[in-house]
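Enquirer: Submitted below is the structure of interest, expressed as structure tokens.
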2 protein chains.
Amino acid sequence: MAGKTKEMVESWSFLDTADSNFRPLVVIELAKGTKEETIEWFTKRIVDKKANGGAQLLIKPLVTENGVENIYLVGASHLRLLLGAEAVGLVKECSDNSMRTFTYSSRKTFKHYADDNHDFLTMAECQYIIKHELENLRARDEKMIPGYPQAKLYPGKSIVRRLLTSGILVQIFPLHDREELKKLSHRWYGQVKIGYQPLDDIRCYFGETIALYFGFLEYFTFALIPMAVIGIPYYVFAWEDYDKYVMFATFNLLWSTVILEVWKRMCAILTYRWGTLLMKRQFEEPRPGFHGVLGINPVTGREEPMYSSIKRQLRIYLVSLPFVCLCLYFSLYVMMIYFDLEQWALDYHKENESNFSSLMLYVPSIIYAVVIEIMNLIYRYAAEFLTSWENHRLESSYQNHLILKVLVFNFLNCFASLFYIAFVMFDMKLLRQSLATLLITSQILNQFAESLLPYWLQKRYNRRMRKRMCSTKTDMDLSLAEQVNMEKEMGTYLGTFDDYLELFLQFGYVSLFSCVYPLAAVFAVLNNITEIYSDALKMCRVYKRPFAEPTANIGVWQLAFETMSVISVVTNCILIGMSPEVDALFPDSKMDLVLTVALVEHLLLAIKFIMAFVIPDKPRDIQMKLAKLEFESLEALKQQQMQLAAESLKE
Amino acid sequence: MAGKTKEMVESWSFLDTADSNFRPLVVIELAKGTKEETIEWFTKRIVDKKANGGAQLLIKPLVTENGVENIYLVGASHLRLLLGAEAVGLVKECSDNSMRTFTYSSRKTFKHYADDNHDFLTMAECQYIIKHELENLRARDEKMIPGYPQAKLYPGKSIVRRLLTSGILVQIFPLHDREELKKLSHRWYGQVKIGYQPLDDIRCYFGETIALYFGFLEYFTFALIPMAVIGIPYYVFAWEDYDKYVMFATFNLLWSTVILEVWKRMCAILTYRWGTLLMKRQFEEPRPGFHGVLGINPVTGREEPMYSSIKRQLRIYLVSLPFVCLCLYFSLYVMMIYFDLEQWALDYHKENESNFSSLMLYVPSIIYAVVIEIMNLIYRYAAEFLTSWENHRLESSYQNHLILKVLVFNFLNCFASLFYIAFVMFDMKLLRQSLATLLITSQILNQFAESLLPYWLQKRYNRRMRKRMCSTKTDMDLSLAEQVNMEKEMGTYLGTFDDYLELFLQFGYVSLFSCVYPLAAVFAVLNNITEIYSDALKMCRVYKRPFAEPTANIGVWQLAFETMSVISVVTNCILIGMSPEVDALFPDSKMDLVLTVALVEHLLLAIKFIMAFVIPDKPRDIQMKLAKLEFESLEALKQQQMQLAAESLKE
């Protein structure tokens, strides 16, 4: 088998005029025991000319000490990558500092472009291009994958997706660049320094989605600092005055609106610089897991699986929705048990009055926090299963339904007990205590489960690997084969969902009850500073390199954060209205108190909406640049029409 | 002068190969005594070739019995119009029933297209194209308008706009098509029938903006019918039960959300059929009234007047805002006077108890309604003056600032007294009475001032005209010259602003206090039915034909209506909370009452937002059609890039 494959590789080498130039970018791992004819067909399709329906990329089997395993390295010639950059619609900076969609014919006008400058496209961009080209390798007249009659194909079906779903293709992942990674990690978390993260470098290495997450994390941390600074004296001097709390809460509510609006502007600045703000959305293919009877898609006119929208609606409303409601009910039930435990601990403390018993007071909260995390985890799997069973055609629709399910449950699970304490038990002391316990426990748990544990496991694995190889080499000296073998065993980073979710819940802890526990912002800031480092470590050391994903904004999370800030206006207004100091201001009539609180709440909400409306989403200079681009494209169109008109009228 | 112009016309006639085919579309009226050289230069520019910077249209002086007046008729060859249709980005239906942007090269694929079918473009479209071409006639190296050194020009300045602002050009307006108009008005309001308006015919004749207004008016009327039907028994049986009112109010609140969401879908269906949903927004030029020091626009790179944005902001916040506040204060002051009058009338009635005195009870409300209309009118002029003085660069920005100013004032002016009666005086009987009086008076006044009065004036004028012409001809037999002379004296329709404003205020009367006066919807329905007829009459008989304006939605009015429906949730909840029946349900604690009301209000608001989020803005089939178009354009692009790639890789 190995011999034949080697021969094949040689016969393709005519494509790779300078073989020494082959730079491995992406790794393809096929299942052990994949049939020879399948490999031959697949590699042939990858190297074949575009005109013959191939991807026109370069591919090489990875030769290790054990001979050829089913691992292949994919690369591409410089020219091919440039054409691919045009196909994916990459936006790059021009010599005149404006951002423009890259086209091969206008390549000379771009900054840093030179025919021999192979760094014009970053490695992450090259890998994204190769992924795009591989995913767009489509079946022509094949009815099935050669050698696997059960893996059906139809014209236009993505070959790689079918290979993945039928288990022939184990994984595709981009290679790390050890040297670049070392430089990046040094600049990112290697030094002890106070300063911004190297977002542009992160973007070059990991792509826009991940860089934008770190940008948001950093921005959010800075944005919390004023809240934290104002919150500290409340704790230090134990301020409990009515007017100070009102001031703090009002500041918080307006501040949270401002930071969310300003983030949109920051985001526009970042993504404009990275080119993704201008990038056109690609047409969305059905997601890999989507299945159904073959039919003709009325939009594309292509053959693809069809699944009735009514069936999906039925599944959503008759199965998923009741299930989610049941889970919510169960979560409330667990909460009631927690309150029983809490009561028991209090009684115990009253009876014994020892150091141990006062420590015991915290135990129910800690147990509850752990239980919440576990329930969130289990529910997460259930939600993923259900959403996948709903059989959404598009990845974006799948993601939205999943996020909605997870958000609602997490919100209730994390905050229901606090709402109960605040608005049913009216116990502000307990609220403060629970809030602190929940916030701190969940932060510690998260940091541990998310970064430190995987890091430790990874480290242990690496040590064992190296022992097996009987070498004392550092990471830098590893041969390509060793590097590939090490990286293919690393965990896969599953996207920014969990990271954003964590921030979202933290935002809830900080803003929902900010007037009761001003110290929450302090803990959030402290957590986020370590979070930046642990997330950075996770990205650089624990996981496989993820493919870069271009994105122009943080998507549905913007909406989620804004909704949270609206809810927090309501909760804070009620909390302040319930405080005894405010109560004392209206000695005669509780009615007046409630009416005043309601009035203030409506006013604050109105101010929020007006502020969101008045603050422009994009800074003025970005608006101008976008307007300029739009104007130019309209002018070009007009010019073209004028020429046509002149010609037609001449006839 | 006449002789020379005639000679000029003859010398241009080489352009118009079949002179008998000249169809006058647009009328240009120059000021009396306009210099000969100006006319010569202007008409030369209009007929000149595109390549020489002309508009390549046809123009003819209007010859009447009094010789040549300064009135010109503009037309264009069929080919020129088709090319113009491409330039303005017209979207037409293809043979396969899909909507596509018209291009001259793909003309054969369009439905009803034939080289000799001159009805392929509607007359309104032709007139819109000519307007667009005239407005885009730009100065080249002229420094001024020949003969008028004070009318400065600079390269790229629209000649027509400068002619208009310097008073040389009196007006440009499209000609009516007497025959079509007669057919249209017969189908529209000529028959006594129950049925839909001929929206497609209206669109063909008056363009999308006006057709969409009538579409909205009709839709809104139908949408109000359920409210009216449910409202009638409340009046007939004098229902005053708590639960019935709550039911009615809840229905109203949810209903108003539904109708606004469904309108978006209806609007998408209409504008898709008309092609404007797909039409690309044209680049917006500075509005005619904009002035400033000449500078280079950083977006277009063209020379144009520049005006500091800070100066504008200062004008807005230091002058306009205080002025608006002052007006609002004045309006409140007038309201207080009204309440004094009201009190006086009540006292008078108590003293005298006669039929006359009970009639007198209505007099203050009627006077107030009249005063409100007058104040609205005066404020409107002030707002227009101020907004124009703020010197906005774009027409859209000017319009938004004007609409905001007028809306806020009109809202307060119309509803302040009702809010005062409801939430300060707590007098539901007076509220009902005032609401009825205000609603009915303002409707009668509006219908009179808007349609019947101008119609009567127009009729009288026409009679006098005809007497002067000593003819007994009907409208159909008029010569072209007579028609032009008659139309140029007609009033100019100033856009749909006032019509939408009227509907907006009506929506306020119906929804803000719906649970107190369920009969409001009945009056609104009755008014709207006559409104359709009187507005139709106004469009067809009273005003000059307006230029067609493509539009894809009702713009800022959608937002205004939605805001009103949010406010009405709040007012209705408070009103119900204040009713004695609800009061009686909470005999022990007013606190519980207020809390319940607040809870219900928040729930209703949440349901509203969720409904607005869940109901898709476009029907599924329109979404599919749009997706198909997007897919096709992406495919075409990809094809193009594939070819390019194949060529590049071959080299």
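Please note that chains go A, B, ... in the order of the structure tokens, that every chain numbers its residues from 1, and that ligands are numbered from 1 in the order shown.
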Given only C-alpha atoms, how would the per-residue table for chain A near chain B read, listing every residue at most 6 Å away with its closest atom pair and distance in Å to one decimal, sorted by chain and number, as CSV?
Expert:
```
residue,atom,partner,partner_atom,distance
A:Val299,CA,B:Lys628,CA,4.4
A:Met591,CA,B:Met591,CA,5.5
A:Lys628,CA,B:Val299,CA,4.4
```
Enquirer: Could you list, as a ChimeraX atom specification, every residue within 12 Å of Ser451 (chain B), counting only C-alpha atoms and ignoring same-chain residues fewer than 4 positions away?
Expert: /B:443-447,455-459,491,493,499,530-543
Enquirer: Any idea what's packed within 9 Å of Glu125 (chain A), counting only C-alpha atoms, ignoring anything in its chain fewer than 4 positions away? Could you give it as a list in words?
Expert: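 Using only C-alpha atoms, the neighbours found are Ala85, Leu90, Leu121, Ile129, Ile130, Cys204, Tyr205, Gly207, Phe547 and Ala548 of chain A.
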Enquirer: CA of Val262 (chain B) and CA of Pro619 (chain B) are how many Å apart?
Expert: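 Taking CA of Val262 (chain B) and CA of Pro619 (chain B), their separation equals 9.3 Å.
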Enquirer: Running DSSP on the backbone, which parts of region 240-391 of chain B land in alpha helix (DSSP H), as a PyMOL selection string?
Expert: chain B and resi 242-274+309-314+321-352+355-360+363-389
Enquirer: Which residues come within 12 Å of Met611 (chain B), counting only C-alpha atoms, excluding same-chain residues fewer than 2 positions away, as a list in words?
Expert: Leu253, Leu254, Trp255, Ser256, Thr257, Val258, Ile259, Leu260, Glu261, Val262, Leu604, Leu605, Ala606, Ile607, Lys608, Phe609, Phe613, Val614, Ile615, Pro616 and Asp617 of chain B
Enquirer: Please provide as a list in words all residues within 9 Å of region 572-580 of chain B, with the sequence filter that same-chain residues fewer than 3 positions apart are discarded (counting only C-alpha atoms).
Expert: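 My reading of the contact set: Tyr242, Tyr245, Val246, Ala249, Thr250, Leu253, Ala422, Phe423, Phe426, Met428, Ser511, Leu512, Phe513, Ser514, Cys515, Val516, Ile567, Ser568, Val569, Asp583, Ala584, Leu585, Leu593, Val594, Thr596, Val597, Ala598, Val600 and Glu601 of chain B.
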Enquirer: Compare B:Asp116, B:Tyr509, B:Leu386, B:Thr122 by their minimum atom-to-atom distance to Pro322 (chain B), counting only C-alpha atoms, and give me the closest one.
Expert: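 The closest residue to Pro322 (chain B) is B:Leu386.
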Enquirer: Can you list, as a ChimeraX atom specification, every residue of region 157-338 of chain A that DSSP puts in strand (DSSP E)?
Expert: /A:169-174,293-296,303-306
Enquirer: Could you pull the residues within 12 Å of Ser309 (chain B), counting only C-alpha atoms, minus those fewer than 3 positions along the same chain, as an mmCIF file with C-alpha atoms, in the first residue's frame?
Expert:
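Saved file selection_23.cif follows:
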```
data_model
loop_
_atom_site.group_PDB
_atom_site.id
_atom_site.type_symbol
_atom_site.label_atom_id
_atom_site.label_comp_id
_atom_site.auth_asym_id
_atom_site.auth_seq_id
_atom_site.Cartn_x
_atom_site.Cartn_y
_atom_site.Cartn_z
ATOM 1 C CA ARG A 620 -17.801 58.282 11.957
ATOM 2 C CA GLY B 292 -21.592 75.846 2.793
ATOM 3 C CA MET B 306 -19.058 71.525 3.182
ATOM 4 C CA ARG B 312 -24.954 71.666 12.950
ATOM 5 C CA GLN B 313 -24.969 69.872 16.287
ATOM 6 C CA LEU B 314 -24.754 73.223 18.073
ATOM 7 C CA ARG B 315 -27.700 74.526 16.078
ATOM 8 C CA ILE B 316 -29.690 71.384 16.886
ATOM 9 C CA GLU B 390 -29.879 73.235 10.661
ATOM 10 C CA ASN B 391 -28.480 72.729 7.144
ATOM 11 C CA HIS B 392 -28.554 68.944 6.827
ATOM 12 C CA ARG B 393 -26.487 67.557 3.994
#
```
Enquirer: Tell me, as a PDB file with C-alpha atoms, in the first residue's frame, which residues lie within 6 Å of Glu342 (chain B), counting only C-alpha atoms; anything in the same chain fewer than 3 positions away does not count.
Expert:
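Below is the file that was written, part-v6.pdb:
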```
ATOM      1  CA  PHE B 339     -59.380  72.973  31.334  1.00  0.00           C
ATOM      2  CA  ALA B 345     -68.788  75.416  30.872  1.00  0.00           C
ATOM      3  CA  PRO B 364     -64.501  73.962  24.894  1.00  0.00           C
TER       4      PRO B 364
END
```
Enquirer: Of the candidates B:Leu394, B:Ser434, B:Cys126, B:Asn527, which one gets nearest to Leu361 (chain B) if we count only C-alpha atoms?
Expert: B:Ser434
